[in-house]
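A.B. asks: Below is target19.cif; it holds mmCIF, C-alpha atoms.
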data_coords
#
loop_
_atom_site.label_atom_id
_atom_site.label_comp_id
_atom_site.auth_asym_id
_atom_site.auth_seq_id
_atom_site.Cartn_x
_atom_site.Cartn_y
_atom_site.Cartn_z
CA MET A 1 0.00 0.00 0.00
CA THR A 2 1.46 3.37 -0.98
CA PRO A 3 1.15 6.05 1.68
CA ARG A 4 -0.85 9.18 0.91
CA PRO A 5 1.42 11.72 -0.82
CA VAL A 6 2.68 14.57 1.33
CA ASP A 7 0.57 17.70 0.84
CA ASP A 8 0.76 21.33 1.93
CA ALA A 9 -1.18 20.68 5.10
CA ASP A 10 1.45 18.12 6.12
CA LEU A 11 4.25 20.66 5.58
CA HIS A 12 2.53 23.23 7.79
CA ALA A 13 1.73 20.68 10.46
CA TYR A 14 5.36 19.57 10.35
CA VAL A 15 6.59 23.11 10.96
CA ASP A 16 3.99 23.74 13.68
CA GLY A 17 4.75 20.51 15.51
CA GLN A 18 1.20 19.32 14.95
CA LEU A 19 1.97 16.35 12.75
CA ASP A 20 1.32 12.91 14.10
CA PRO A 21 4.54 10.86 14.47
CA ALA A 22 3.54 8.29 11.87
CA ARG A 23 3.34 10.98 9.22
CA ARG A 24 6.54 12.67 10.25
CA ALA A 25 8.84 10.15 8.59
CA ALA A 26 6.98 10.48 5.30
CA VAL A 27 7.30 14.27 5.40
CA GLU A 28 11.00 14.16 6.22
CA LYS A 29 11.60 11.76 3.34
CA TRP A 30 9.74 14.11 1.01
CA LEU A 31 11.67 17.14 2.22
CA ALA A 32 14.93 15.36 1.47
CA GLU A 33 13.75 14.67 -2.08
CA SER A 34 12.11 17.98 -2.95
CA PRO A 35 14.26 21.11 -2.63
CA GLU A 36 11.20 23.24 -3.31
CA ALA A 37 9.16 21.74 -0.50
CA ALA A 38 12.20 22.01 1.76
CA SER A 39 12.68 25.65 0.91
CA HIS A 40 9.04 26.51 1.54
CA THR A 41 9.00 24.60 4.79
CA ALA A 42 12.15 26.33 5.95
CA PHE A 43 10.54 29.67 5.22
CA TYR A 44 7.46 28.76 7.27
CA ALA A 45 9.70 27.82 10.19
CA ARG A 46 11.71 31.02 9.95
CA LEU A 47 8.47 32.97 9.72
CA ASN A 48 7.35 31.54 13.05
CA GLU A 49 10.72 32.35 14.61
CA THR A 50 10.61 35.88 13.26
CA LEU A 51 7.10 36.42 14.64
CA HIS A 52 8.37 35.36 18.05
CA ARG A 53 11.42 37.61 17.93
CA ARG A 54 9.30 40.51 16.77
CA PHE A 55 6.39 40.19 19.22
CA ASP A 56 7.63 38.20 22.22
CA PRO A 57 8.99 41.31 23.96
CA ILE A 58 5.35 42.35 24.47
CA LEU A 59 4.94 39.39 26.83
CA ASP A 60 7.18 41.16 29.33
CA ASP A 61 5.25 44.44 29.36
CA PRO A 62 3.89 45.11 32.84
CA ILE A 63 0.13 44.49 32.94
CA PRO A 64 -1.84 47.72 33.46
CA PRO A 65 -4.03 47.55 36.59
CA THR A 66 -7.08 48.46 34.48
CA MET A 67 -6.77 45.11 32.73
CA ILE A 68 -6.98 43.30 36.04
CA ARG A 69 -9.66 45.46 37.54
CA PRO A 70 -11.39 47.20 34.65
CA ARG A 71 -12.79 50.68 35.01
CA ARG A 72 -14.54 52.35 32.16
CA ARG A 73 -11.88 54.74 31.00
CA ARG A 74 -14.32 57.09 29.41
CA LEU A 75 -16.67 57.64 32.33
CA LEU A 76 -17.45 61.16 33.27
CA PRO A 77 -15.91 61.83 36.62
CA TRP A 78 -18.66 62.93 38.97
CA SER A 79 -17.61 64.92 41.93
CA ASP A 80 -19.72 64.72 45.06
CA SER A 81 -21.03 68.21 44.56
CA MET A 82 -22.21 67.34 41.08
CA ILE A 83 -24.05 64.32 42.37
CA VAL A 84 -25.73 66.46 44.98
CA ALA A 85 -26.64 69.07 42.40
CA ALA A 86 -27.94 66.43 40.01
CA SER A 87 -29.98 64.77 42.72
CA PHE A 88 -31.41 68.11 43.65
CA LEU A 89 -32.42 68.72 40.08
CA ALA A 90 -33.75 65.19 39.73
CA ALA A 91 -35.84 65.75 42.85
CA GLY A 92 -37.34 68.70 41.06
CA LEU A 93 -37.95 66.59 38.01
CA VAL A 94 -40.01 64.06 39.90
CA GLY A 95 -42.43 66.88 40.48
CA GLY A 96 -42.54 67.61 36.79
CA TRP A 97 -39.87 67.89 34.14
CA PHE A 98 -41.39 70.91 32.47
CA ALA A 99 -41.70 72.75 35.73
CA ARG A 100 -38.02 72.40 36.49
CA GLY A 101 -37.31 76.09 36.15
CA ALA A 102 -39.82 76.87 38.82
CA LEU A 103 -38.65 74.20 41.23
CA VAL A 104 -34.90 74.51 41.05
CA ALA A 105 -32.80 77.55 41.67
CA PRO A 106 -31.54 78.85 38.30
CA ALA A 107 -27.93 78.85 39.47
CA VAL A 108 -28.06 75.13 40.06
CA VAL A 109 -29.70 74.43 36.73
CA GLU A 110 -27.06 76.43 34.96
CA ARG A 111 -24.26 74.63 36.67
CA VAL A 112 -25.66 71.17 36.09
CA VAL A 113 -26.86 71.65 32.56
CA ALA A 114 -23.51 73.01 31.52
CA ILE A 115 -21.84 69.75 32.43
CA ALA A 116 -24.46 67.05 32.19
CA PRO A 117 -27.15 66.92 29.53
CA PRO A 118 -30.55 66.22 31.03
CA LEU A 119 -31.01 62.93 29.19
CA GLU A 120 -29.98 60.83 32.19
CA MET A 121 -32.15 62.85 34.55
CA GLN A 122 -35.22 62.47 32.42
CA ALA A 123 -34.50 58.79 32.18
CA ALA A 124 -34.00 58.41 35.92
CA THR A 125 -37.18 60.29 36.65
CA ALA A 126 -39.18 58.15 34.27
CA HIS A 127 -37.57 55.09 35.80
CA ALA A 128 -38.45 56.14 39.32
CA VAL A 129 -42.05 56.79 38.35
CA TYR A 130 -42.82 53.70 36.28
CA ALA A 131 -40.50 50.98 37.60
CA ALA A 132 -42.28 51.36 40.95
CA GLU A 133 -45.68 50.71 39.35
CA VAL A 134 -47.24 47.44 40.34
CA ARG A 135 -50.36 47.41 38.20
CA HIS A 136 -49.41 49.59 35.22
CA PRO A 137 -45.65 49.49 34.76
CA VAL A 138 -46.02 49.55 30.98
CA GLU A 139 -48.50 50.96 28.53
CA VAL A 140 -48.15 48.18 25.95
CA GLY A 141 -47.04 44.73 27.10
CA ALA A 142 -44.38 42.50 25.60
CA ASP A 143 -47.15 40.25 24.26
CA GLU A 144 -47.77 43.00 21.73
CA GLU A 145 -44.12 43.73 21.11
CA ALA A 146 -44.42 44.15 17.33
CA HIS A 147 -47.15 46.73 17.79
CA LEU A 148 -45.22 48.46 20.58
CA VAL A 149 -42.07 48.77 18.51
CA ARG A 150 -43.94 49.98 15.42
CA TRP A 151 -45.86 52.54 17.42
CA LEU A 152 -42.80 53.93 19.19
CA SER A 153 -40.83 53.99 15.92
CA ASN A 154 -43.60 55.99 14.27
CA ARG A 155 -43.76 58.49 17.09
CA LEU A 156 -40.01 58.95 17.36
CA GLY A 157 -39.53 59.04 13.61
CA HIS A 158 -36.70 56.50 13.75
CA THR A 159 -36.78 52.74 13.92
CA VAL A 160 -36.44 51.66 17.52
CA LYS A 161 -36.05 48.12 18.69
CA ALA A 162 -36.31 46.52 22.09
CA PRO A 163 -32.95 44.87 22.88
CA ARG A 164 -33.06 41.21 23.90
CA LEU A 165 -31.65 40.83 27.37
CA GLU A 166 -32.70 37.27 28.19
CA THR A 167 -29.07 36.13 28.17
CA LEU A 168 -28.48 38.49 31.07
CA GLY A 169 -31.61 37.32 32.84
CA TYR A 170 -33.92 40.19 31.95
CA ARG A 171 -37.18 39.74 30.12
CA LEU A 172 -38.98 42.51 28.28
CA MET A 173 -42.15 43.60 30.08
CA GLY A 174 -43.21 46.17 27.51
CA GLY A 175 -42.90 49.89 27.03
CA ARG A 176 -44.52 53.26 26.82
CA LEU A 177 -44.42 56.64 25.14
CA LEU A 178 -43.24 59.59 27.20
CA PRO A 179 -42.80 63.31 26.73
CA ALA A 180 -39.21 64.40 26.14
CA ALA A 181 -37.54 67.76 26.40
CA SER A 182 -38.55 70.59 24.06
CA GLY A 183 -41.84 69.08 22.99
CA GLY A 184 -40.44 65.84 21.64
CA VAL A 185 -41.34 62.30 22.58
CA ALA A 186 -39.35 59.51 24.15
CA ALA A 187 -39.73 55.75 24.42
CA GLN A 188 -39.25 53.63 27.50
CA PHE A 189 -38.75 49.87 27.50
CA MET A 190 -38.96 48.03 30.78
CA TYR A 191 -37.26 44.76 31.71
CA GLU A 192 -37.48 42.59 34.77
CA ASP A 193 -35.42 39.71 36.12
CA THR A 194 -36.60 36.82 38.27
CA ARG A 195 -35.80 38.74 41.45
CA GLY A 196 -38.16 41.48 40.32
CA VAL A 197 -35.35 43.93 39.63
CA ARG A 198 -36.45 46.32 36.92
CA ILE A 199 -34.34 48.06 34.32
CA THR A 200 -35.63 50.73 31.96
CA LEU A 201 -34.19 51.83 28.67
CA PHE A 202 -35.05 55.40 27.75
CA LEU A 203 -34.68 56.51 24.13
CA ARG A 204 -35.22 59.94 22.73
CA ASN A 205 -34.23 61.60 19.50
CA ASN A 206 -30.69 62.86 19.45
CA ASP A 207 -31.02 66.62 19.14
CA SER A 208 -27.46 67.34 20.21
CA ASP A 209 -24.72 68.09 17.72
CA GLN A 210 -22.87 64.92 18.70
CA ASP A 211 -23.14 61.78 16.66
CA GLU A 212 -21.75 59.43 19.24
CA THR A 213 -20.52 59.66 22.78
CA ALA A 214 -18.87 57.29 25.21
CA PHE A 215 -20.75 55.79 28.12
CA ARG A 216 -21.40 58.17 30.93
CA PHE A 217 -22.55 57.30 34.37
CA ALA A 218 -24.73 59.21 36.77
CA VAL A 219 -26.12 58.52 40.20
CA GLU A 220 -29.59 59.96 40.35
CA GLU A 221 -32.37 60.49 42.83
CA ASN A 222 -33.45 57.49 44.94
CA GLY A 223 -30.32 55.54 44.17
CA VAL A 224 -31.20 55.20 40.50
CA ASN A 225 -28.01 54.57 38.54
CA VAL A 226 -27.93 55.58 34.90
CA PHE A 227 -25.59 54.80 32.05
CA TYR A 228 -26.25 57.07 29.11
CA TRP A 229 -24.77 57.70 25.71
CA ILE A 230 -25.59 59.00 22.26
CA ASP A 231 -25.70 56.63 19.34
CA ARG A 232 -26.54 58.43 16.09
CA SER A 233 -30.33 58.82 16.04
CA PHE A 234 -30.89 58.37 19.74
CA GLY A 235 -29.91 59.54 23.13
CA CYS A 236 -29.99 56.33 25.18
CA ALA A 237 -30.13 55.92 28.94
CA LEU A 238 -30.33 52.74 30.95
CA SER A 239 -31.61 53.11 34.51
CA ALA A 240 -31.89 50.76 37.46
CA THR A 241 -31.20 50.57 41.16
CA LEU A 242 -28.44 48.09 40.41
CA PRO A 243 -24.77 48.36 41.33
CA ARG A 244 -22.80 50.20 38.71
CA GLU A 245 -20.79 47.17 37.52
CA GLU A 246 -23.92 45.12 37.01
CA LEU A 247 -25.69 47.89 35.17
CA LEU A 248 -22.65 48.49 32.99
CA MET A 249 -22.79 44.90 31.83
CA VAL A 250 -26.39 45.37 30.68
CA ALA A 251 -25.56 48.77 29.16
CA ARG A 252 -22.84 47.27 27.01
CA GLU A 253 -25.20 44.62 25.75
CA VAL A 254 -27.87 47.21 24.96
CA TYR A 255 -25.30 49.38 23.25
CA GLU A 256 -24.18 46.56 21.02
CA GLN A 257 -27.69 45.62 20.03
CA ILE A 258 -28.83 49.16 19.36
CA SER A 259 -25.78 50.10 17.35
CA ASP A 260 -26.02 47.00 15.15
CA MET B 1 -10.92 42.74 47.58
CA ALA B 2 -8.09 44.63 45.92
CA ASP B 3 -5.82 41.66 45.29
CA ASP B 4 -8.17 38.75 44.93
CA ARG B 5 -7.50 38.70 41.21
CA GLN B 6 -3.73 38.57 41.28
CA ASP B 7 -3.60 34.78 41.12
CA HIS B 8 -6.58 34.42 38.83
CA PRO B 9 -6.01 32.19 35.78
CA ILE B 10 -7.07 35.04 33.47
CA ILE B 11 -3.98 37.01 34.53
CA ALA B 12 -1.60 34.50 32.99
CA GLN B 13 -3.35 34.89 29.64
CA ILE B 14 -3.18 38.68 29.45
CA PRO B 15 0.34 38.83 27.97
CA HIS B 16 -0.74 36.47 25.20
CA LEU B 17 -3.84 38.50 24.40
CA ARG B 18 -1.70 41.64 24.20
CA ARG B 19 0.94 40.05 22.02
CA TYR B 20 -1.64 38.70 19.60
CA ALA B 21 -3.67 41.93 19.47
CA ARG B 22 -0.55 43.96 18.82
CA ALA B 23 0.56 41.69 15.99
CA LEU B 24 -2.95 41.50 14.54
CA LEU B 25 -3.71 45.22 14.58
CA GLY B 26 -0.24 46.61 13.99
CA ASP B 27 -1.00 49.50 16.32
CA ALA B 28 -0.22 49.59 20.03
CA VAL B 29 -3.10 51.85 21.05
CA LEU B 30 -5.77 49.97 19.12
CA ALA B 31 -4.38 46.71 20.44
CA GLU B 32 -4.49 47.82 24.07
CA ASP B 33 -8.06 49.06 23.62
CA LEU B 34 -9.13 45.75 22.17
CA VAL B 35 -7.49 43.79 25.00
CA GLN B 36 -9.03 46.13 27.56
CA ASP B 37 -12.51 45.62 26.08
CA CYS B 38 -11.92 41.89 25.95
CA LEU B 39 -10.90 41.77 29.61
CA GLU B 40 -13.81 43.91 30.75
CA ARG B 41 -16.07 41.39 29.16
CA ALA B 42 -14.11 38.39 30.38
CA TRP B 43 -14.06 39.50 34.02
CA SER B 44 -17.76 40.29 34.02
CA ARG B 45 -18.65 37.01 32.34
CA PHE B 46 -16.18 34.71 33.98
CA HIS B 47 -19.08 32.87 35.62
CA LEU B 48 -20.07 31.77 32.11
CA TRP B 49 -16.74 30.07 31.52
CA ARG B 50 -17.04 26.30 31.90
CA GLU B 51 -14.50 24.98 34.38
CA GLY B 52 -12.20 22.50 32.67
CA SER B 53 -12.62 24.01 29.22
CA ASN B 54 -9.78 25.90 27.61
CA LEU B 55 -9.59 29.35 29.19
CA ARG B 56 -7.18 30.63 26.56
CA THR B 57 -9.49 29.65 23.74
CA TRP B 58 -12.40 31.26 25.57
CA LEU B 59 -10.53 34.56 25.97
CA PHE B 60 -9.27 34.61 22.40
CA THR B 61 -12.79 33.89 21.18
CA ILE B 62 -14.16 36.86 23.12
CA MET B 63 -11.46 39.08 21.67
CA HIS B 64 -12.02 37.79 18.17
CA ASN B 65 -15.76 38.46 18.38
CA LEU B 66 -15.26 41.97 19.75
CA HIS B 67 -12.82 42.74 16.98
CA ALA B 68 -15.12 41.31 14.33
CA ASN B 69 -18.03 43.43 15.65
CA ALA B 70 -15.89 46.54 15.74
CA ALA B 71 -14.69 45.92 12.21
CA ARG B 72 -18.25 45.38 11.01
CA ASN B 73 -19.43 48.58 12.63
CA ALA B 74 -16.45 50.46 11.26
CA ALA B 75 -17.27 49.21 7.78
CA ARG B 76 -20.86 50.32 8.14
CA ARG B 77 -19.90 53.71 9.51
CA PRO B 78 -17.24 55.24 7.31
CA GLN B 79 -16.92 58.31 9.52
CA THR B 80 -15.31 56.35 12.34
CA VAL B 81 -11.68 55.36 12.28
CA SER B 82 -11.28 51.80 11.08
CA ILE B 83 -9.76 49.45 13.57
CA ASP B 84 -7.72 48.14 10.66
CA ALA B 85 -5.87 51.39 10.20
CA TYR B 86 -2.29 50.42 10.65
CA GLY B 87 0.56 52.39 12.06
CA LEU B 88 3.35 50.92 10.04
CA SER B 89 6.34 51.98 12.05
CA ALA B 90 8.80 49.15 11.78
CA PRO B 91 11.55 48.94 14.35
CA THR B 92 15.05 49.37 13.04
CA ARG B 93 17.01 46.43 14.26
CA ALA B 94 19.65 44.19 12.75
CA ALA B 95 18.25 42.45 9.70
CA GLN B 96 18.61 38.84 8.71
CA GLU B 97 20.13 38.07 5.38
CA ASP B 98 16.84 37.10 3.72
CA GLY B 99 13.62 38.97 3.18
CA LEU B 100 12.34 37.95 6.59
CA THR B 101 13.46 40.62 8.96
CA LEU B 102 12.13 42.26 12.06
CA ALA B 103 11.83 45.41 10.01
CA SER B 104 9.91 43.87 7.13
CA ILE B 105 7.55 41.62 9.07
CA ASP B 106 5.18 44.39 10.21
CA ALA B 107 4.44 45.70 6.76
CA ALA B 108 4.19 42.21 5.31
CA LEU B 109 1.69 41.19 7.99
CA ALA B 110 -0.33 44.36 7.51
CA ALA B 111 -0.62 43.62 3.80
CA LEU B 112 -2.17 40.21 4.47
CA PRO B 113 -5.96 39.84 4.36
CA GLU B 114 -7.03 39.83 7.97
CA GLU B 115 -8.46 36.32 7.98
CA GLN B 116 -5.06 35.02 6.87
CA ARG B 117 -3.17 37.19 9.33
CA GLN B 118 -5.32 35.87 12.19
CA VAL B 119 -4.49 32.28 11.36
CA VAL B 120 -0.79 32.90 10.73
CA LEU B 121 -0.55 34.58 14.14
CA LEU B 122 -2.75 32.27 16.19
CA ILE B 123 -0.74 29.30 14.97
CA GLY B 124 2.72 30.68 14.32
CA LEU B 125 2.93 33.11 17.21
CA GLU B 126 0.42 31.88 19.79
CA GLU B 127 1.14 28.25 18.90
CA MET B 128 -2.47 27.23 19.07
CA SER B 129 -3.55 23.88 17.77
CA TYR B 130 -5.37 24.00 14.44
CA ARG B 131 -8.46 22.83 16.26
CA ASP B 132 -8.30 25.62 18.86
CA ALA B 133 -7.68 28.25 16.19
CA ALA B 134 -10.73 26.97 14.32
CA SER B 135 -12.78 27.26 17.48
CA VAL B 136 -11.59 30.81 18.21
CA LEU B 137 -12.39 31.95 14.68
CA GLY B 138 -15.60 29.95 14.40
CA VAL B 139 -14.59 28.23 11.16
CA PRO B 140 -13.86 24.58 10.25
CA VAL B 141 -10.32 23.22 10.66
CA GLY B 142 -10.08 22.84 6.88
CA THR B 143 -10.66 26.58 6.50
CA VAL B 144 -7.92 27.28 9.04
CA MET B 145 -5.54 25.08 7.04
CA SER B 146 -6.28 26.75 3.73
CA ARG B 147 -6.00 30.25 5.23
CA LEU B 148 -2.75 29.26 6.86
CA HIS B 149 -1.33 28.04 3.59
CA ARG B 150 -2.48 31.06 1.62
CA GLY B 151 -1.24 33.44 4.30
CA ARG B 152 2.20 31.92 4.59
CA GLU B 153 2.60 31.64 0.83
CA ARG B 154 1.61 35.24 0.41
CA LEU B 155 4.18 36.27 2.99
CA ARG B 156 6.80 34.10 1.30
CA HIS B 157 6.21 35.79 -2.05
CA ALA B 158 6.00 39.27 -0.55
CA LEU B 159 9.17 38.92 1.47
CA ALA B 160 11.16 37.10 -1.19
CA GLY B 161 10.29 39.89 -3.62
CA GLY B 162 12.41 42.50 -1.88
CA ALA B 163 15.38 40.36 -0.95
CA THR B 164 17.13 37.19 -1.95
CA LEU B 165 15.73 34.32 -0.03
CA ARG B 166 18.42 32.26 1.58
CA ARG B 167 18.60 28.83 0.04
CA VAL B 168 18.07 25.98 2.39
CA LYS B 169 20.88 23.56 2.80
#
Can the structure in the file be given as structure tokens, please?
C.D. replies:
Amino acid sequence: MTPRPVDDADLHAYVDGQLDPARRAAVEKWLAESPEAASHTAFYARLNETLHRRFDPILDDPIPPTMIRPRRRRLLPWSDSMIVAASFLAAGLVGGWFARGALVAPAVVERVVAIAPPLEMQAATAHAVYAAEVRHPVEVGADEEAHLVRWLSNRLGHTVKAPRLETLGYRLMGGRLLPAASGGVAAQFMYEDTRGVRITLFLRNNDSDQDETAFRFAVEENGVNVFYWIDRSFGCALSATLPREELLMVAREVYEQISD
Amino acid sequence: MADDRQDHPIIAQIPHLRRYARALLGDAVLAEDLVQDCLERAWSRFHLWREGSNLRTWLFTIMHNLHANAARNAARRPQTVSIDAYGLSAPTRAAQEDGLTLASIDAALAALPEEQRQVVLLIGLEEMSYRDAASVLGVPVGTVMSRLHRGRERLRHALAGGATLRRVK
């Protein structure tokens, strides 16, 4: 019985040390007979060596602490005073977003608005109001998801979709239409896990001059944590009374699905 | 709390992720960003890793998927900087006598189609088994083999073009 002729795959496996021993002898015999195969094989081996010499020094680079204990590098640093100011404003918002001027001292508004856009505050307020609802948390339930999504898309003027968060343990409950700043509308999707923890995703049209922003984080009234960002058509904000790390995980998933 | 991760098995894999990302992307900043994103995900999803399965393959798969997503988004959104934009600064070190030198390898790698570069690096640099590389990339082993062959041949032609290739004894 003649053995199978040596092919390219054998030559690579020979160089990479992934050839089974029985085949090795056949390859070595072939290399001795064919200068061309030998030359190619020698190149492959030198290529591997060169890759090691070129890139192995990177193995010795000290590992940055952020790779061991990740922190979002692009988070907005929130000083304590800003959190207080934001909470103060958010407290006003619970009473009515459109009445904010009347409820909050103008100096505070000025200071907060200059640094933080109100997206996350609107979102946190809407979260606080509706996530606490027992009987009417959503306007349209997940059983009518197609209708819900079509309706919200029509009202916002852009196609919205409800991200799937089942892999993270959250099921869609449904959503509702909300007023947004300057006469616009916003959409809210609500999710719940088996513990009853609720997360809301707030979407409104992006009327800022930015096309995209990094994730930002805010601690709002009543311990509501918010990750918010701008992704082309929408300002997006994810709110929950979850620890920041946990919420970030969900936010990244939402971000990926929305930006797809 | 601060040091409970120092002995974690993920730590031992970080240098490999960085080496591969650097070689794949050809740019130190992009590579570190990719590894950082990969690790953020890996730490937060470590509970999803199946004990006893190959941690290295798991991590490289996460990184590969993140990179593939980023590349897809970059392709769809021309206004963002492509993750495949290479900084082609080759180090100036002593050259070998054939076309394969530390100085020429960066540009030659960058000129490879990415799917070939991935395979050439996972196998030649990270010394993964063909099976593991196939699993990381989500393709059959046969595809890995053909990409490996095409990639290495392309490098052989590219590098032999500019210099005399040393004859093998």
A.B. asks: Show me, as a VMD selection string, the residues of chain A whose atoms get within 10 Å of chain B, using only C-alpha atoms for the distance check.
C.D. replies: chain A and resid 8 to 13 15 to 18 35 to 36 38 to 64 66 to 73 212 245 to 246 248 to 249 252 256 259 to 260
A.B. asks: Selection from above, C-alpha atoms, as a CSV table (one decimal), keeping the file's coordinate frame, can you write it?
C.D. replies:
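Written file, again-v2.csv:
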chain,number,residue,atom,x,y,z
A,8,ASP,CA,0.8,21.3,1.9
A,9,ALA,CA,-1.2,20.7,5.1
A,10,ASP,CA,1.4,18.1,6.1
A,11,LEU,CA,4.2,20.7,5.6
A,12,HIS,CA,2.5,23.2,7.8
A,13,ALA,CA,1.7,20.7,10.5
A,15,VAL,CA,6.6,23.1,11.0
A,16,ASP,CA,4.0,23.7,13.7
A,17,GLY,CA,4.8,20.5,15.5
A,18,GLN,CA,1.2,19.3,15.0
A,35,PRO,CA,14.3,21.1,-2.6
A,36,GLU,CA,11.2,23.2,-3.3
A,38,ALA,CA,12.2,22.0,1.8
A,39,SER,CA,12.7,25.6,0.9
A,40,HIS,CA,9.0,26.5,1.5
A,41,THR,CA,9.0,24.6,4.8
A,42,ALA,CA,12.2,26.3,6.0
A,43,PHE,CA,10.5,29.7,5.2
A,44,TYR,CA,7.5,28.8,7.3
A,45,ALA,CA,9.7,27.8,10.2
A,46,ARG,CA,11.7,31.0,10.0
A,47,LEU,CA,8.5,33.0,9.7
A,48,ASN,CA,7.4,31.5,13.0
A,49,GLU,CA,10.7,32.4,14.6
A,50,THR,CA,10.6,35.9,13.3
A,51,LEU,CA,7.1,36.4,14.6
A,52,HIS,CA,8.4,35.4,18.0
A,53,ARG,CA,11.4,37.6,17.9
A,54,ARG,CA,9.3,40.5,16.8
A,55,PHE,CA,6.4,40.2,19.2
A,56,ASP,CA,7.6,38.2,22.2
A,57,PRO,CA,9.0,41.3,24.0
A,58,ILE,CA,5.4,42.4,24.5
A,59,LEU,CA,4.9,39.4,26.8
A,60,ASP,CA,7.2,41.2,29.3
A,61,ASP,CA,5.2,44.4,29.4
A,62,PRO,CA,3.9,45.1,32.8
A,63,ILE,CA,0.1,44.5,32.9
A,64,PRO,CA,-1.8,47.7,33.5
A,66,THR,CA,-7.1,48.5,34.5
A,67,MET,CA,-6.8,45.1,32.7
A,68,ILE,CA,-7.0,43.3,36.0
A,69,ARG,CA,-9.7,45.5,37.5
A,70,PRO,CA,-11.4,47.2,34.6
A,71,ARG,CA,-12.8,50.7,35.0
A,72,ARG,CA,-14.5,52.4,32.2
A,73,ARG,CA,-11.9,54.7,31.0
A,212,GLU,CA,-21.8,59.4,19.2
A,245,GLU,CA,-20.8,47.2,37.5
A,246,GLU,CA,-23.9,45.1,37.0
A,248,LEU,CA,-22.6,48.5,33.0
A,249,MET,CA,-22.8,44.9,31.8
A,252,ARG,CA,-22.8,47.3,27.0
A,256,GLU,CA,-24.2,46.6,21.0
A,259,SER,CA,-25.8,50.1,17.4
A,260,ASP,CA,-26.0,47.0,15.2
A.B. asks: What gap, in Å, lies between atom CA of A:Glu253 and atom CA of A:Tyr170?
C.D. replies: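 Taking atom CA of A:Glu253 as the start and atom CA of A:Tyr170 as the end point, the length is 11.6 Å.
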A.B. asks: Take atom CA of A:Val134 and atom CA of A:Tyr255 and report the distance between them in Å, one decimal.
C.D. replies: 27.9 Å
A.B. asks: Rounded to one decimal, what separation in Å do you get between atom CA of B:Ala12 and atom CA of A:Leu168?
C.D. replies: 27.2 Å
A.B. asks: Apply the PyMOL selection byres ((chain B and resi 112) around 10) to the file shown and report the selected residues as a list in words.
C.D. replies: Ala107, Ala108, Leu109, Ala110, Ala111, Pro113, Glu114, Glu115, Gln116, Arg117, Gln118, Val120, Arg150, Gly151, Arg152, Arg154, Leu155 and Ala158 of chain B
A.B. asks: Keeping only C-alpha atoms, write those residues as a PDB file, in the coordinates of the input.
C.D. replies:
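Now in selection-v2.pdb:
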ATOM      1  CA  ALA B 107       4.440  45.700   6.760  1.00  0.00           C
ATOM      2  CA  ALA B 108       4.190  42.210   5.310  1.00  0.00           C
ATOM      3  CA  LEU B 109       1.690  41.190   7.990  1.00  0.00           C
ATOM      4  CA  ALA B 110      -0.330  44.360   7.510  1.00  0.00           C
ATOM      5  CA  ALA B 111      -0.620  43.620   3.800  1.00  0.00           C
ATOM      6  CA  PRO B 113      -5.960  39.840   4.360  1.00  0.00           C
ATOM      7  CA  GLU B 114      -7.030  39.830   7.970  1.00  0.00           C
ATOM      8  CA  GLU B 115      -8.460  36.320   7.980  1.00  0.00           C
ATOM      9  CA  GLN B 116      -5.060  35.020   6.870  1.00  0.00           C
ATOM     10  CA  ARG B 117      -3.170  37.190   9.330  1.00  0.00           C
ATOM     11  CA  GLN B 118      -5.320  35.870  12.190  1.00  0.00           C
ATOM     12  CA  VAL B 120      -0.790  32.900  10.730  1.00  0.00           C
ATOM     13  CA  ARG B 150      -2.480  31.060   1.620  1.00  0.00           C
ATOM     14  CA  GLY B 151      -1.240  33.440   4.300  1.00  0.00           C
ATOM     15  CA  ARG B 152       2.200  31.920   4.590  1.00  0.00           C
ATOM     16  CA  ARG B 154       1.610  35.240   0.410  1.00  0.00           C
ATOM     17  CA  LEU B 155       4.180  36.270   2.990  1.00  0.00           C
ATOM     18  CA  ALA B 158       6.000  39.270  -0.550  1.00  0.00           C
TER      19      ALA B 158
END
A.B. asks: Pick out the residues sitting within 10 Å of B:Asp132, and hand them over as a ChimeraX atom specification; count all atoms listed in the file, and ignore anything fewer than 2 positions along from it in its own chain.
C.D. replies: /B:54,56-58,60-61,122-123,127-130,134-138,141,144
A.B. asks: Where does the PyMOL selection byres ((chain A and resi 23) around 10) land in this file, that is, which residues does it pick, as a PyMOL selection string?
C.D. replies: chain A and resi 3-4+6+10+13-14+19-22+24-28
A.B. asks: Using only C-alpha atoms, determine which residues lie at most 10 Å from A:Ala128, disregarding the query and same-chain residues fewer than 2 positions distant; provide the list as a PyMOL selection string.
C.D. replies: chain A and resi 94+122-126+130-133+200+220-224+239-241
A.B. asks: Residues proximal to (-29.6, 60.5, 21.7) were defined as those with any atom within 7 Å of that point in the file's coordinates, counting all atoms listed in the file. Which are they, as a PDB file with C-alpha atoms, keeping the file's coordinate frame?
C.D. replies:
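For reference, part.pdb as written:
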ATOM      1  CA  LEU A 203     -34.680  56.510  24.130  1.00  0.00           C
ATOM      2  CA  ARG A 204     -35.220  59.940  22.730  1.00  0.00           C
ATOM      3  CA  ASN A 205     -34.230  61.600  19.500  1.00  0.00           C
ATOM      4  CA  ASN A 206     -30.690  62.860  19.450  1.00  0.00           C
ATOM      5  CA  ASP A 207     -31.020  66.620  19.140  1.00  0.00           C
ATOM      6  CA  TRP A 229     -24.770  57.700  25.710  1.00  0.00           C
ATOM      7  CA  ILE A 230     -25.590  59.000  22.260  1.00  0.00           C
ATOM      8  CA  ASP A 231     -25.700  56.630  19.340  1.00  0.00           C
ATOM      9  CA  ARG A 232     -26.540  58.430  16.090  1.00  0.00           C
ATOM     10  CA  SER A 233     -30.330  58.820  16.040  1.00  0.00           C
ATOM     11  CA  PHE A 234     -30.890  58.370  19.740  1.00  0.00           C
ATOM     12  CA  GLY A 235     -29.910  59.540  23.130  1.00  0.00           C
ATOM     13  CA  CYS A 236     -29.990  56.330  25.180  1.00  0.00           C
TER      14      CYS A 236
END
